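Undergrad: Before we start, here is the structure in question, set down as structure tokens.
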Amino acid sequence: MNSITRFAVPVVALAVALGLSSPAMAIAPCGDGALAPGEACDDGNQVPLDGCSDACSIEAGWTCGCATPKFAFVEDTLAGVIGGQGGSEGPEMGCGAREVLIGLRFDFSDGTRTATRTTVYCGEVVVAANGTVTTTETTNQTDGGGGCGGWDPSTPTPKVLCPSGWAVVGVHGRRADVPIANSLFHSASIVCGRLGVDGKPTGETQELPIPGMTGASEGVPQTADCPAGKIGRYFQTRRGCGQDGLWLYCSSPVVDCSGQSSYCVAASCGDGILAGAEQCDDSNAMPFDGCDGACQVEEGWECKSQGSNCAPICGDGLVRGDEECDDGNDVAGDGCSDACVVEEGWQCQGEAPSVCTQDVPEMSNPEPAPESEPEPAPEPEPEPTPEPTPEPAPEPEPEPTPEPTPA
């Protein structure tokens, strides 16, 4: 219990005893399960982290409401018109304090094939302790043309209601332009928006056509959509003999839960705020990034902080995210490193877990040494040219014997 709550009751009791205050002026203690002025929520306890803090303020990432909210509306806005603007204004067809607009039905002229009257349906809003919002049909109102000039007889279309927990946030149609230019409409659909636990629209919508009206593909398309954050407040007809047009006004809902216990639910998964039963919230609702579309941690991941990205767990034997491998340990040197990266010289296959094998160098015969070209045989040395045998010197001729001198 915080200090404000701890001392609030004794101080008030003393003030009452001294005649300085009255029981009606007593400050309601936070945590008594009855929403009082000054409290944004009161869930019947002073336990934090459940949506309503120990000071009775709504915690970040949560939305709080109550079982039977009472609606007030501010800032009425004309969303638009389907049909024309002729004829006179009909009454405002809205709902009670605990109701919202949930559906429409038309009377459809058998002769002119355009709408003659509109019926508006309201539904009571109830919120369960788990935050589930339901709407139950309660009342309806009808207004439109007087049926003169050939607009009657007419045939009622089926009533079309938004799914339980949804409210009207728009109406679409087509202006007929027959038999009077710029007037009447002959097809329509309602746009429904999902309500949150706080009675405000969540932004999720769906369009539901109203069957039984011909000419759905003819005429000028028209839309009347509530601005963001607003829901349908009331419809208003423009009518003469038939119904010239249908106007939709939207407002911002203000929910009064005075005296009721607060029901708090975590804000939507993907808003980046960890709340309620969320195990993680990484600011998106995409799976396979560690935090799935229901904000639960996916196998093989860890998400350590609010609003942050999740990281794969290296060493758990599951390949996730940017891991190249995961062999079930954080030991390096076995093919998959302690950062789950395939090591050089290894190959890893499989994802639960990875099996790594070391590359084996291919054994190959060494290339034979190129055969050396035989050395060319040495050219035979040329035989020495025999020196010419010198011719023998001619023998000297014998000197002639002198003839004897005669005696």
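Each chain in the structure tokens gets a letter, A, B, ..., in the order shown, and its residues are numbered from 1; ligands are numbered from 1 in order too.
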If we count only C-alpha atoms, what is near stretch 133-149 of chain A at a cut-off of 6 Å, once residues fewer than 5 positions away on the same chain are taken out, given as a ChimeraX atom specification?
TA: /A:116-127,164-165,239-243
Undergrad: I need the residues from that last selection saved to file as an mmCIF file, in the first residue's frame (with C-alpha atoms), if you can.
TA:
```cif
data_model
loop_
_atom_site.group_PDB
_atom_site.id
_atom_site.type_symbol
_atom_site.label_atom_id
_atom_site.label_comp_id
_atom_site.auth_asym_id
_atom_site.auth_seq_id
_atom_site.Cartn_x
_atom_site.Cartn_y
_atom_site.Cartn_z
ATOM 1 C CA THR A 116 -38.017 4.665 -48.596
ATOM 2 C CA ARG A 117 -37.381 4.228 -44.846
ATOM 3 C CA THR A 118 -34.444 3.401 -42.525
ATOM 4 C CA THR A 119 -34.429 1.381 -39.303
ATOM 5 C CA VAL A 120 -31.524 1.908 -36.898
ATOM 6 C CA TYR A 121 -30.496 -0.758 -34.359
ATOM 7 C CA CYS A 122 -28.756 -0.198 -31.018
ATOM 8 C CA GLY A 123 -26.930 -2.654 -28.770
ATOM 9 C CA GLU A 124 -25.920 -2.654 -25.100
ATOM 10 C CA VAL A 125 -22.192 -2.919 -24.444
ATOM 11 C CA VAL A 126 -20.921 -5.361 -21.810
ATOM 12 C CA VAL A 127 -17.279 -6.085 -20.957
ATOM 13 C CA SER A 164 -20.817 -8.678 -31.261
ATOM 14 C CA GLY A 165 -18.343 -6.222 -29.769
ATOM 15 C CA ARG A 239 -37.378 12.543 -46.526
ATOM 16 C CA GLY A 240 -40.507 13.431 -48.441
ATOM 17 C CA CYS A 241 -42.641 10.786 -50.143
ATOM 18 C CA GLY A 242 -39.544 8.612 -50.195
ATOM 19 C CA GLN A 243 -36.214 8.869 -48.461
#
```
Undergrad: Show me, as a VMD selection string, the residues that have an atom within 8 Å of A:Thr205 when counting only C-alpha atoms, minus same-chain residues fewer than 6 positions from it.
TA: chain A and resid 191 to 194
Undergrad: Any chance you could export the current selection's N, CA, C and O atoms as a short mmCIF file (atom, residue, chain, number, x, y, z; two decimals), in the first residue's frame?
TA:
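As written to disk, result.cif reads:
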```cif
data_model
loop_
_atom_site.label_atom_id
_atom_site.label_comp_id
_atom_site.auth_asym_id
_atom_site.auth_seq_id
_atom_site.Cartn_x
_atom_site.Cartn_y
_atom_site.Cartn_z
N VAL A 191 -20.27 -0.03 -42.22
CA VAL A 191 -18.87 -0.26 -41.85
C VAL A 191 -18.85 -0.40 -40.33
O VAL A 191 -19.32 0.49 -39.61
N CYS A 192 -18.31 -1.51 -39.84
CA CYS A 192 -18.27 -1.79 -38.41
C CYS A 192 -16.84 -1.66 -37.89
O CYS A 192 -15.89 -2.03 -38.58
N GLY A 193 -16.71 -1.16 -36.67
CA GLY A 193 -15.41 -1.04 -36.03
C GLY A 193 -15.39 -1.78 -34.71
O GLY A 193 -16.35 -1.72 -33.93
N ARG A 194 -14.29 -2.48 -34.44
CA ARG A 194 -14.17 -3.23 -33.19
C ARG A 194 -13.99 -2.27 -32.02
O ARG A 194 -13.24 -1.29 -32.10
#
```
Undergrad: Quick check, in Å to one decimal: how far apart do atom CA of A:Ala352 and atom CA of A:Met286 lie?
TA: 22.7 Å
Undergrad: Have a look at A:Ala339, A:Ala332, A:Ile190, A:Cys303 and name the one nearest to A:Asp289; count only C-alpha atoms.
TA: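 Checking each candidate against A:Asp289, we get A:Cys303 as the closest.
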Undergrad: May I have all residues of stretch 39-114 of chain A that DSSP, computed from the backbone, assigns to strand (DSSP E), given as a PyMOL selection string?
TA: chain A and resi 62-65+70-83+88-89+93-94+99-109
Undergrad: Go ahead and write the residues just picked, C-alpha atoms, as an mmCIF file, in the first residue's frame.
TA:
```cif
data_model
loop_
_atom_site.group_PDB
_atom_site.id
_atom_site.type_symbol
_atom_site.label_atom_id
_atom_site.label_comp_id
_atom_site.auth_asym_id
_atom_site.auth_seq_id
_atom_site.Cartn_x
_atom_site.Cartn_y
_atom_site.Cartn_z
ATOM 1 C CA TRP A 62 -2.647 -1.425 -20.875
ATOM 2 C CA THR A 63 -6.266 -0.385 -21.465
ATOM 3 C CA CYS A 64 -8.895 -0.429 -18.724
ATOM 4 C CA GLY A 65 -12.689 -0.434 -18.770
ATOM 5 C CA LYS A 70 -21.969 4.351 -19.632
ATOM 6 C CA PHE A 71 -21.353 6.353 -22.801
ATOM 7 C CA ALA A 72 -21.228 10.076 -23.304
ATOM 8 C CA PHE A 73 -20.234 11.654 -26.602
ATOM 9 C CA VAL A 74 -18.330 14.782 -27.511
ATOM 10 C CA GLU A 75 -17.495 16.582 -30.742
ATOM 11 C CA ASP A 76 -20.313 15.522 -33.073
ATOM 12 C CA THR A 77 -19.080 15.402 -36.678
ATOM 13 C CA LEU A 78 -21.042 14.905 -39.907
ATOM 14 C CA ALA A 79 -19.292 11.930 -41.499
ATOM 15 C CA GLY A 80 -21.163 12.206 -44.791
ATOM 16 C CA VAL A 81 -24.322 11.488 -46.727
ATOM 17 C CA ILE A 82 -25.581 8.695 -48.949
ATOM 18 C CA GLY A 83 -28.348 9.697 -51.344
ATOM 19 C CA SER A 88 -36.926 17.644 -44.777
ATOM 20 C CA GLU A 89 -34.726 16.562 -41.884
ATOM 21 C CA MET A 93 -31.906 8.296 -34.422
ATOM 22 C CA GLY A 94 -29.328 7.452 -31.754
ATOM 23 C CA GLU A 99 -25.787 1.495 -26.074
ATOM 24 C CA VAL A 100 -24.038 2.042 -29.401
ATOM 25 C CA LEU A 101 -25.230 1.869 -33.020
ATOM 26 C CA ILE A 102 -24.856 -1.684 -34.308
ATOM 27 C CA GLY A 103 -26.907 -2.036 -37.526
ATOM 28 C CA LEU A 104 -29.345 -0.916 -40.236
ATOM 29 C CA ARG A 105 -32.308 -2.115 -42.282
ATOM 30 C CA PHE A 106 -34.099 -0.387 -45.166
ATOM 31 C CA ASP A 107 -37.543 -0.484 -46.703
ATOM 32 C CA PHE A 108 -36.964 -0.740 -50.445
ATOM 33 C CA SER A 109 -39.596 0.658 -52.817
#
```
Undergrad: Check the smallest atom-to-atom distance from each of A:Cys257, A:Met213, A:Val265, A:Val360 to A:Ile58 using only C-alpha atoms, then report the winner.
TA: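 Closest to A:Ile58 of all the choices is A:Val265.
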Undergrad: Nearest residue to A:Val197 out of A:Gly96, A:Gly131, A:Gly328, A:Gly31, using only C-alpha atoms?
TA: A:Gly131
